[in-house]
$ cat structure_31.txt   # compact mmCIF, C-alpha atoms and all ligand atoms
# COMPACT_ATOMS: atom_id res chain seq x y z
CA MET A 24 40.52 173.30 200.81
CA HIS A 25 41.95 169.86 201.53
CA ASN A 26 45.52 169.08 200.45
CA GLU A 27 46.21 165.51 201.57
CA GLN A 28 48.83 163.58 199.63
CA GLN A 29 49.01 159.92 198.80
CA LEU A 30 52.37 158.43 199.83
CA ALA A 31 51.71 154.84 198.81
CA GLY A 32 48.70 152.66 198.12
CA GLY A 33 46.25 153.33 200.95
CA LEU A 34 48.67 155.62 202.81
CA PHE A 35 47.97 159.35 202.97
CA TYR A 36 49.69 162.39 204.48
CA LEU A 37 47.14 164.53 206.33
CA GLY A 38 49.36 167.17 207.96
CA GLY A 39 50.05 170.83 207.30
CA ASN A 40 52.56 173.66 207.68
CA ASP A 41 52.68 176.56 210.11
CA ARG A 42 54.82 179.39 208.73
CA ARG A 43 53.50 181.99 211.18
CA ILE A 44 54.77 180.37 214.36
CA ALA A 45 57.60 182.39 215.92
CA LEU A 46 58.76 180.02 218.67
CA PHE A 47 58.30 176.25 218.57
CA GLU A 48 57.52 175.01 222.10
CA SER A 49 57.62 178.72 223.07
CA ALA A 50 61.38 178.34 222.99
CA TYR A 51 62.94 177.74 219.56
CA PRO A 52 62.77 180.24 216.69
CA VAL A 53 61.46 178.62 213.51
CA PRO A 54 61.86 181.24 210.77
CA ARG A 55 61.24 178.53 208.16
CA GLY A 56 58.11 177.32 209.93
CA VAL A 57 57.34 173.76 210.91
CA SER A 58 55.11 170.95 209.67
CA TYR A 59 52.82 168.83 211.80
CA ASN A 60 52.39 165.43 210.21
CA SER A 61 49.61 162.91 210.51
CA TYR A 62 49.05 159.79 208.45
CA LEU A 63 46.07 157.74 207.33
CA LEU A 64 46.18 154.06 206.46
CA ILE A 65 43.17 152.73 204.61
CA ASP A 66 42.80 148.96 204.61
CA GLU A 67 39.92 146.71 205.65
CA LYS A 68 40.24 148.68 208.85
CA ILE A 69 41.19 152.35 208.79
CA ALA A 70 43.82 153.85 211.10
CA VAL A 71 44.97 157.43 211.66
CA ILE A 72 48.46 157.83 213.09
CA ASP A 73 48.47 160.87 215.39
CA THR A 74 46.60 164.13 215.07
CA VAL A 75 48.14 167.61 214.67
CA ASP A 76 48.72 170.95 216.37
CA ASN A 77 45.76 173.33 216.55
CA ALA A 78 47.54 175.62 214.07
CA VAL A 79 46.77 173.22 211.20
CA GLY A 80 43.70 171.57 212.75
CA ASP A 81 41.14 172.79 210.20
CA LEU A 82 43.22 171.63 207.26
CA PHE A 83 43.86 168.26 208.94
CA PHE A 84 40.14 167.60 209.40
CA GLU A 85 39.43 168.63 205.79
CA ASN A 86 42.20 166.31 204.58
CA LEU A 87 40.90 163.50 206.74
CA ALA A 88 37.29 163.91 205.63
CA HIS A 89 38.27 164.02 201.96
CA ALA A 90 40.53 160.97 202.17
CA LEU A 91 37.94 159.03 204.14
CA ALA A 92 35.23 159.84 201.56
CA GLY A 93 32.43 159.07 203.96
CA ARG A 94 34.07 156.16 205.77
CA GLN A 95 34.88 156.23 209.47
CA PRO A 96 38.28 155.56 211.03
CA ASP A 97 38.43 152.44 213.18
CA TYR A 98 41.61 153.36 215.04
CA LEU A 99 43.41 156.51 216.13
CA VAL A 100 46.97 155.62 217.08
CA VAL A 101 48.36 158.15 219.56
CA GLN A 102 52.12 157.72 219.42
CA HIS A 103 53.00 160.92 221.28
CA MET A 104 50.93 163.08 223.59
CA GLU A 105 52.74 166.39 223.26
CA PRO A 106 50.16 168.98 222.19
CA ASP A 107 51.94 169.84 218.94
CA HIS A 108 50.42 166.49 217.88
CA ALA A 109 47.66 165.70 220.35
CA ALA A 110 46.03 169.16 220.62
CA THR A 111 43.30 168.16 218.17
CA PHE A 112 42.68 164.78 219.83
CA ALA A 113 39.47 165.88 221.59
CA ARG A 114 38.06 167.31 218.35
CA PHE A 115 38.94 164.06 216.58
CA VAL A 116 37.09 161.79 219.02
CA GLU A 117 34.15 164.18 219.04
CA LYS A 118 33.91 163.88 215.23
CA HIS A 119 34.54 160.13 215.27
CA PRO A 120 33.01 158.85 218.52
CA ALA A 121 33.20 155.19 217.51
CA VAL A 122 36.98 155.27 217.06
CA THR A 123 39.19 153.06 219.23
CA VAL A 124 42.19 154.95 220.55
CA VAL A 125 45.33 152.81 220.31
CA THR A 126 48.09 153.95 222.60
CA SER A 127 50.53 153.14 225.39
CA GLN A 128 49.63 152.86 229.05
CA LYS A 129 51.54 156.06 229.84
CA ALA A 130 49.80 157.98 227.05
CA ALA A 131 46.42 156.78 228.31
CA VAL A 132 47.12 158.48 231.63
CA MET A 133 48.01 161.67 229.77
CA LEU A 134 44.84 161.43 227.65
CA LYS A 135 42.87 161.42 230.87
CA ASN A 136 44.91 164.27 232.36
CA TYR A 137 44.83 166.47 229.27
CA PHE A 138 41.33 165.75 228.00
CA GLY A 139 39.49 163.78 230.66
CA PHE A 140 39.28 161.08 227.98
CA ALA A 141 37.46 157.97 229.13
CA GLY A 142 36.47 156.54 225.73
CA GLN A 143 37.36 153.31 223.98
CA LEU A 144 41.03 152.45 224.44
CA LEU A 145 43.24 149.68 223.16
CA LEU A 146 46.46 149.70 225.16
CA VAL A 147 49.47 148.42 223.25
CA LYS A 148 53.13 147.88 224.02
CA GLU A 149 56.26 146.83 222.21
CA GLY A 150 55.74 143.67 220.20
CA ASP A 151 51.95 143.94 219.97
CA ALA A 152 50.34 143.68 216.55
CA LEU A 153 47.09 145.13 215.27
CA PRO A 154 45.95 143.70 211.92
CA LEU A 155 44.23 146.16 209.57
CA GLY A 156 43.71 143.70 206.69
CA ARG A 157 46.58 143.41 204.23
CA ARG A 158 48.70 145.50 206.56
CA THR A 159 49.49 145.13 210.24
CA LEU A 160 50.45 147.79 212.74
CA THR A 161 53.17 146.72 215.14
CA PHE A 162 54.54 148.83 217.95
CA VAL A 163 58.02 149.74 219.12
CA GLY A 164 58.61 151.37 222.50
CA ALA A 165 60.51 154.66 222.18
CA PRO A 166 60.51 156.10 225.71
CA MET A 167 61.99 159.61 226.02
CA VAL A 168 62.08 160.10 222.26
CA HIS A 169 60.83 162.53 223.17
CA TRP A 170 58.42 161.89 226.09
CA PRO A 171 58.09 158.69 228.16
CA GLU A 172 54.87 157.48 226.52
CA VAL A 173 56.14 157.44 222.95
CA LEU A 174 55.56 154.52 220.62
CA PHE A 175 56.76 154.08 217.07
CA THR A 176 54.44 152.21 214.72
CA TYR A 177 55.81 149.82 212.11
CA VAL A 178 54.09 148.14 209.18
CA PRO A 179 56.15 145.02 208.50
CA GLU A 180 54.44 144.11 205.20
CA ASP A 181 55.70 147.30 203.51
CA GLY A 182 58.53 148.46 205.78
CA ILE A 183 56.76 151.68 206.80
CA LEU A 184 57.99 153.23 210.04
CA PHE A 185 56.01 155.96 211.75
CA SER A 186 58.79 157.39 213.89
CA ALA A 187 57.02 160.00 216.07
CA ASP A 188 59.38 162.94 216.79
CA ALA A 189 62.47 160.99 215.72
CA PHE A 190 63.90 161.97 212.31
CA GLY A 191 61.78 165.13 212.39
CA THR A 192 63.00 168.62 211.67
CA PHE A 193 62.04 172.25 211.88
CA GLY A 194 61.16 173.82 208.54
CA ALA A 195 57.89 173.72 206.68
CA LEU A 196 57.47 171.43 203.69
CA ALA A 197 57.54 172.96 200.22
CA GLY A 198 55.02 171.20 198.03
CA SER A 199 56.40 167.69 198.18
CA VAL A 200 56.13 165.67 201.36
CA PHE A 201 59.13 163.51 200.38
CA ALA A 202 62.71 164.19 201.40
CA ASP A 203 65.27 164.64 198.68
CA ARG A 204 68.66 163.87 200.24
CA ASP A 205 70.56 166.69 198.46
CA VAL A 206 67.88 169.28 199.13
CA PHE A 207 67.62 168.08 202.72
CA GLU A 208 71.35 168.47 203.26
CA LYS A 209 71.29 172.02 201.90
CA GLU A 210 67.97 173.22 203.26
CA PHE A 211 67.07 171.12 206.29
CA LEU A 212 70.18 169.63 207.88
CA ASP A 213 71.00 172.63 210.10
CA ASP A 214 67.37 172.76 211.26
CA ALA A 215 67.25 168.98 211.72
CA ARG A 216 70.36 169.10 213.89
CA ARG A 217 68.99 172.05 215.88
CA TYR A 218 65.69 170.18 216.30
CA TYR A 219 67.44 167.01 217.41
CA PHE A 220 69.79 168.53 219.98
CA ASN A 221 67.31 170.95 221.46
CA ILE A 222 64.33 168.60 221.56
CA VAL A 223 65.76 165.14 222.27
CA GLY A 224 69.49 165.76 222.62
CA LYS A 225 69.42 165.08 226.32
CA TYR A 226 68.22 161.52 225.71
CA GLY A 227 71.03 160.14 223.57
CA VAL A 228 71.02 156.76 225.33
CA GLN A 229 67.30 156.27 224.73
CA VAL A 230 67.70 157.36 221.09
CA GLN A 231 70.53 154.85 220.65
CA ASN A 232 68.33 152.12 222.11
CA VAL A 233 65.54 152.78 219.66
CA LEU A 234 67.98 153.14 216.74
CA LYS A 235 69.25 149.64 217.53
CA LYS A 236 65.70 148.38 217.16
CA ALA A 237 65.20 150.36 213.93
CA ALA A 238 68.45 148.98 212.49
CA GLY A 239 66.86 145.54 212.33
CA LEU A 240 63.83 146.70 210.36
CA LYS A 241 63.32 146.74 206.62
CA LEU A 242 62.56 150.41 205.87
CA SER A 243 60.92 151.62 202.70
CA LEU A 244 59.22 154.70 204.14
CA VAL A 245 60.07 156.62 207.32
CA CYS A 246 57.25 158.94 208.35
CA PRO A 247 58.13 161.36 211.17
CA LEU A 248 55.78 163.81 212.88
CA HIS A 249 57.66 166.86 211.58
CA GLY A 250 59.45 167.42 208.29
CA PRO A 251 59.67 165.30 205.17
CA VAL A 252 58.96 161.61 204.68
CA TRP A 253 61.97 159.48 203.70
CA ARG A 254 61.62 156.99 200.84
CA GLU A 255 65.26 156.95 199.67
CA GLY A 256 68.60 158.05 201.07
CA PHE A 257 67.46 157.38 204.62
CA ALA A 258 70.68 155.54 205.55
CA TRP A 259 72.51 158.88 205.32
CA TYR A 260 70.10 160.50 207.78
CA LEU A 261 70.16 157.47 210.08
CA GLU A 262 73.95 157.83 210.18
CA LYS A 263 73.52 161.43 211.38
CA TYR A 264 71.25 160.20 214.17
CA LEU A 265 73.77 157.55 215.17
CA THR A 266 76.48 160.23 215.40
CA TRP A 267 74.32 162.77 217.21
CA SER A 268 72.89 160.35 219.75
CA ALA A 269 76.39 159.02 220.53
CA TYR A 270 77.42 162.63 221.32
CA ALA A 271 80.15 162.22 218.73
CA PRO A 272 81.24 165.30 216.77
CA GLU A 273 79.80 165.53 213.29
CA GLU A 274 82.75 167.53 211.92
CA LYS A 275 86.33 168.33 212.80
CA CYS A 276 85.91 172.04 213.35
CA VAL A 277 86.00 174.71 216.03
CA ALA A 278 83.12 176.79 217.32
CA VAL A 279 84.30 179.93 219.07
CA PHE A 280 81.71 181.30 221.47
CA TYR A 281 82.22 184.67 223.09
CA ALA A 282 80.35 186.99 225.46
CA SER A 283 81.63 190.53 225.19
CA VAL A 284 80.28 193.81 226.56
CA TYR A 285 82.45 196.44 224.86
CA GLY A 286 84.20 194.38 222.20
CA HIS A 287 87.48 193.50 223.92
CA THR A 288 86.57 189.89 224.61
CA GLN A 289 85.25 189.68 221.05
CA ASN A 290 88.64 190.92 219.85
CA ALA A 291 90.37 188.18 221.87
CA ALA A 292 88.00 185.54 220.47
CA GLU A 293 88.60 186.68 216.92
CA ILE A 294 92.37 186.67 217.32
CA VAL A 295 92.11 183.02 218.42
CA ALA A 296 89.74 182.26 215.53
CA SER A 297 92.17 183.80 213.02
CA ALA A 298 95.04 181.72 214.41
CA ILE A 299 92.89 178.59 214.06
CA ALA A 300 91.76 179.42 210.53
CA GLU A 301 95.34 180.25 209.51
CA ARG A 302 96.19 176.59 210.12
CA GLY A 303 93.47 175.52 207.69
CA VAL A 304 90.98 174.41 210.31
CA ARG A 305 87.31 175.28 209.87
CA VAL A 306 86.08 177.71 212.49
CA LYS A 307 82.81 179.50 213.24
CA VAL A 308 82.50 182.46 215.62
CA TYR A 309 79.37 183.26 217.64
CA ASP A 310 78.42 186.12 219.93
CA VAL A 311 76.40 184.23 222.52
CA SER A 312 74.52 187.39 223.49
CA VAL A 313 73.14 187.70 219.96
CA THR A 314 72.76 184.26 218.38
CA ASP A 315 69.81 182.21 219.56
CA ARG A 316 70.85 179.56 222.07
CA SER A 317 69.22 176.77 220.07
CA ILE A 318 71.68 177.53 217.24
CA LEU A 319 74.63 177.80 219.64
CA LEU A 320 73.75 174.43 221.15
CA ALA A 321 73.53 172.70 217.77
CA GLU A 322 76.83 174.24 216.66
CA ALA A 323 78.58 173.15 219.86
CA PHE A 324 77.45 169.58 219.19
CA ARG A 325 78.33 169.73 215.47
CA CYS A 326 81.97 170.68 216.06
CA SER A 327 84.71 168.59 217.62
CA HIS A 328 86.23 171.59 219.43
CA ALA A 329 85.01 174.72 221.18
CA VAL A 330 86.52 177.91 222.53
CA PHE A 331 84.64 179.76 225.24
CA ALA A 332 85.52 183.41 225.88
CA SER A 333 83.70 185.49 228.45
CA THR A 334 84.12 188.73 230.26
CA THR A 335 83.74 188.72 234.03
CA TYR A 336 80.46 190.20 235.22
CA ASN A 337 79.13 190.58 238.76
CA ASN A 338 82.09 188.53 239.86
CA GLY A 339 80.96 185.67 237.63
CA ILE A 340 80.49 184.58 234.01
CA PHE A 341 78.70 187.07 231.75
CA VAL A 342 74.99 186.24 231.84
CA SER A 343 74.52 185.09 228.22
CA MET A 344 77.55 182.78 228.45
CA GLU A 345 76.38 181.46 231.81
CA GLN A 346 72.97 180.66 230.32
CA PHE A 347 74.56 179.00 227.30
CA LEU A 348 76.78 176.82 229.48
CA GLY A 349 73.68 175.93 231.52
CA ASP A 350 71.95 174.88 228.31
CA LEU A 351 74.93 172.75 227.29
CA LYS A 352 74.86 171.04 230.68
CA ALA A 353 71.10 170.48 230.50
CA HIS A 354 71.52 168.82 227.10
CA ALA A 355 74.31 166.51 228.29
CA PHE A 356 77.10 168.19 226.33
CA GLN A 357 80.12 165.88 226.43
CA ASN A 358 83.06 164.32 224.57
CA ARG A 359 84.57 167.57 223.36
CA ALA A 360 87.89 169.40 223.59
CA TYR A 361 87.75 173.05 224.59
CA ALA A 362 89.79 176.11 225.42
CA VAL A 363 88.91 179.01 227.69
CA ILE A 364 89.55 182.76 227.55
CA GLU A 365 88.50 185.21 230.21
CA ASN A 366 88.48 188.96 230.51
CA GLY A 367 88.33 191.13 233.62
CA SER A 368 89.24 194.72 234.39
CA TRP A 369 89.96 194.26 238.09
CA ALA A 370 89.22 190.67 239.20
CA PRO A 371 88.98 188.15 236.32
CA GLN A 372 86.80 185.25 237.43
CA ALA A 373 84.93 184.01 234.36
CA GLY A 374 87.62 181.60 233.14
CA GLY A 375 87.87 179.57 236.32
CA LEU A 376 84.11 179.37 236.61
CA MET A 377 83.70 178.29 232.99
CA GLU A 378 86.35 175.61 233.47
CA GLU A 379 84.53 174.41 236.56
CA THR A 380 81.29 174.01 234.61
CA LEU A 381 82.89 172.45 231.53
CA SER A 382 85.17 170.05 233.38
CA ALA A 383 82.16 168.70 235.32
CA MET A 384 80.65 167.50 232.03
CA LYS A 385 81.41 163.99 230.81
CA ASN A 386 84.65 163.29 228.98
CA MET A 387 85.71 166.88 228.38
CA ARG A 388 89.33 167.72 227.61
CA ARG A 389 90.81 171.18 228.07
CA ILE A 390 93.39 172.41 225.58
CA GLY A 391 96.13 174.62 227.02
CA ASP A 392 95.71 176.94 229.97
CA LYS A 393 93.07 179.59 230.10
CA VAL A 394 94.19 182.91 228.66
CA THR A 395 93.39 185.98 230.73
CA VAL A 396 92.82 189.36 229.12
CA LEU A 397 93.00 192.37 231.40
CA SER A 398 90.56 194.88 229.91
CA SER A 399 91.89 194.81 226.33
CA VAL A 400 94.32 192.81 224.22
CA HIS A 401 97.89 194.12 223.92
CA GLU A 402 100.86 192.74 221.92
CA ASP A 403 102.00 190.29 224.58
CA GLY A 404 98.41 189.21 225.24
CA ALA A 405 97.85 188.68 221.53
CA ASP A 406 100.81 186.29 221.47
CA ALA A 407 99.16 184.14 224.14
CA LEU A 408 95.89 184.11 222.19
CA ILE A 409 97.62 183.23 218.91
CA ALA A 410 99.49 180.44 220.70
CA LEU A 411 96.21 179.11 222.10
CA GLY A 412 94.61 179.23 218.65
CA ARG A 413 97.52 177.26 217.18
CA LEU A 414 97.27 174.71 219.96
CA VAL A 415 93.56 174.24 219.27
CA ALA A 416 94.23 173.91 215.52
CA GLU A 417 96.92 171.28 216.18
CA ASP A 418 94.55 169.38 218.42
CA VAL A 419 91.90 169.35 215.69
CA ALA A 420 94.46 168.05 213.21
CA ASN A 421 95.77 165.34 215.55
CA ASN A 422 92.52 164.02 217.00
FE1 LIG B 501 56.68 167.12 218.10
FE2 LIG B 501 57.57 165.97 221.23
O1 LIG B 501 56.49 166.75 219.96
$ encode --input "structure_31.txt" --output "structure tokens"
Amino acid sequence: MHNEQQLAGGLFYLGGNDRRIALFESAYPVPRGVSYNSYLLIDEKIAVIDTVDNAVGDLFFENLAHALAGRQPDYLVVQHMEPDHAATFARFVEKHPAVTVVTSQKAAVMLKNYFGFAGQLLLVKEGDALPLGRRTLTFVGAPMVHWPEVLFTYVPEDGILFSADAFGTFGALAGSVFADRDVFEKEFLDDARRYYFNIVGKYGVQVQNVLKKAAGLKLSLVCPLHGPVWREGFAWYLEKYLTWSAYAPEEKCVAVFYASVYGHTQNAAEIVASAIAERGVRVKVYDVSVTDRSILLAEAFRCSHAVFASTTYNNGIFVSMEQFLGDLKAHAFQNRAYAVIENGSWAPQAGGLMEETLSAMKNMRRIGDKVTVLSSVHEDGADALIALGRLVAEDVANN
């Protein structure tokens, strides 16, 4: 049964929720599900903005058919070719063979490569305008947010921005399609941050470029491809994007990450965390072998400071910590202060190797010297860990 929702006069939400999906992009756990959004603009001409993932394909076509009420769409705007949006493209053009596909040059190549599509195309680029009647579609280039072909679509008459993956979030929608700022902060912000850093975090410069363009636009509705539609309070969310894409910390806090085999490195990490918390600084502690890396990554970016503690393993960094550091590097982790703790029963190596990886990242500042634990923490070793914790806490307070 169809369940489209009217967002404004002539503007409909056609998407749906997938609460059964375990891993988004086969990589990121989404215990709260995810929504795939598509939009329909009915004017003298009719345009659909993106299709949806196969998971909600049937509902999407029911929504579309009901909202169209026998009419045919003139345009299908393909803003982003990733299959969580474009998977149902072939089915769409089969159902609506007269439709003109409006997209970027790069997306047209992908349409051919994915679907062998050789139908009617209208190639558009930044600054182009496509009149629908009372409303006009204009296009904004958004390369690498999150693929190179991406376009945003903007309706200047009403200030409606279709923002592709930008401003999206994990988490299915609950009844209403609209974002409520307070509910979003409580229920979606952690997922939105995790979505941002894991999906587009690497491309902060490109995100900043497109945010500069968006800053000049009148915005009454922001319609992303995942998560709720913004009609009020958007400035708050835009501010988050400005912070995240600048790789600036969102909060003055410390994330303590440890990799421990038998609990001794955990003990060291928790002694440091207690010394930090004792000074009134907010601290979170994560076992990197247990917590999903997408959460670790988002937490590392949220906090101004990090402590990395790892046991030595196979003469190197313990595998889960090594993978986490690799993920941080791949997502352009930078601009943070950090401290290092290592453990080793006969030849501690992990600390030096972690420092090597972290210091090679942009604008990283180490606090204190690495603390070495030999097998387990003793009184004198605890003193060094407490001193390191206090140093980190002072650094948080002073920076
Ligand atoms: Fe939601 Fe880049 O796809």
$ residues_near_ligand --input "structure_31.txt" --ligand "ligand LIG 501 (chain B)" --cutoff "8 Å" --atoms "only C-alpha atoms and all ligand atoms" --output "ChimeraX atom specification"
/A:59,103-108,168-170,187-188,191,222,248-249
$ closest_residue --input "structure_31.txt" --among "A:Asn337, A:Thr266, A:Val415, A:Trp253" --to "Ala298 in chain A" --atoms "all atoms listed in the file"
A:Val415
$ atom_distance --input "structure_31.txt" --atom1 "CA of Phe138 in chain A" --atom2 "CA of Ala113 in chain A"
6.7 Å
$ closest_residue --input "structure_31.txt" --among "A:Ala416, A:Trp369, A:Glu273, A:Pro247" --to "Asn338 in chain A" --atoms "all atoms listed in the file"
A:Trp369
$ closest_residue --input "structure_31.txt" --among "A:Leu240, A:Met384, A:Ile390, A:Ile65" --to "Leu34 in chain A" --atoms "only C-alpha atoms"
A:Ile65
$ residues_around --input "structure_31.txt" --residues "Gly412 in chain A" --least-positions-apart "4" --cutoff "12 Å" --atoms "only C-alpha atoms" --output "NGL selection string"
:A and (277-279 or 291-304 or 306 or 328-331 or 361-364 or 390-394 or 405-408 or 416-419)
$ closest_residue --input "structure_31.txt" --among "A:His287, A:Ala332, A:Arg389, A:Gly39" --to "Val308 in chain A" --atoms "only C-alpha atoms"
A:Ala332
$ closest_atom_pairs --input "structure_31.txt" --of "range 293-321 of chain A" --to "range 355-359 of chain A" --cutoff "12 Å" --atoms "only C-alpha atoms" --output "tab-separated table"
residue	atom	partner	partner_atom	distance
A:Leu319	CA	A:Phe356	CA	12.0
A:Leu320	CA	A:Phe356	CA	8.8
A:Ala321	CA	A:Phe356	CA	10.3
$ write_last_selection --input "structure_31.txt" --atoms "C-alpha atoms" --output "CSV table (one decimal), keeping the file's coordinate frame"
chain,number,residue,atom,x,y,z
A,319,LEU,CA,74.6,177.8,219.6
A,320,LEU,CA,73.8,174.4,221.2
A,321,ALA,CA,73.5,172.7,217.8
$ atom_distance --input "structure_31.txt" --atom1 "CA of Arg217 in chain A" --atom2 "CA of Val79 in chain A"
22.7 Å
$ closest_residue --input "structure_31.txt" --among "A:Ala271, A:Leu351, A:Val233, A:Val200" --to "Arg316 in chain A" --atoms "all atoms listed in the file"
A:Leu351
$ atom_distance --input "structure_31.txt" --atom1 "CA of Arg388 in chain A" --atom2 "CA of Asp350 in chain A"
18.8 Å
$ closest_residue --input "structure_31.txt" --among "A:Phe115, A:Ile69, A:Ser283, A:Gly224" --to "Arg94 in chain A" --atoms "only C-alpha atoms"
A:Ile69
$ axis_aligned_box --input "structure_31.txt" --around "range 340-349 of chain A" --padding-each-side "8 Å" --output "lines of an AutoDock Vina configuration file"
center_x = 76.7
center_y = 181.5
center_z = 230.7
size_x = 23.5
size_y = 27.1
size_z = 22.7
$ residues_around --input "structure_31.txt" --residues "Asp151 in chain A" --least-positions-apart "6" --cutoff "10 Å" --atoms "only C-alpha atoms" --output "PyMOL selection string"
chain A and resi 160-163
$ residues_around --input "structure_31.txt" --residues "Leu212 in chain A" --least-positions-apart "6" --cutoff "12 Å" --atoms "only C-alpha atoms" --output "number ranges by chain"
A: 190-194, 202-206, 218-219, 250-251, 259-260, 263-264, 273, 321-322, 325
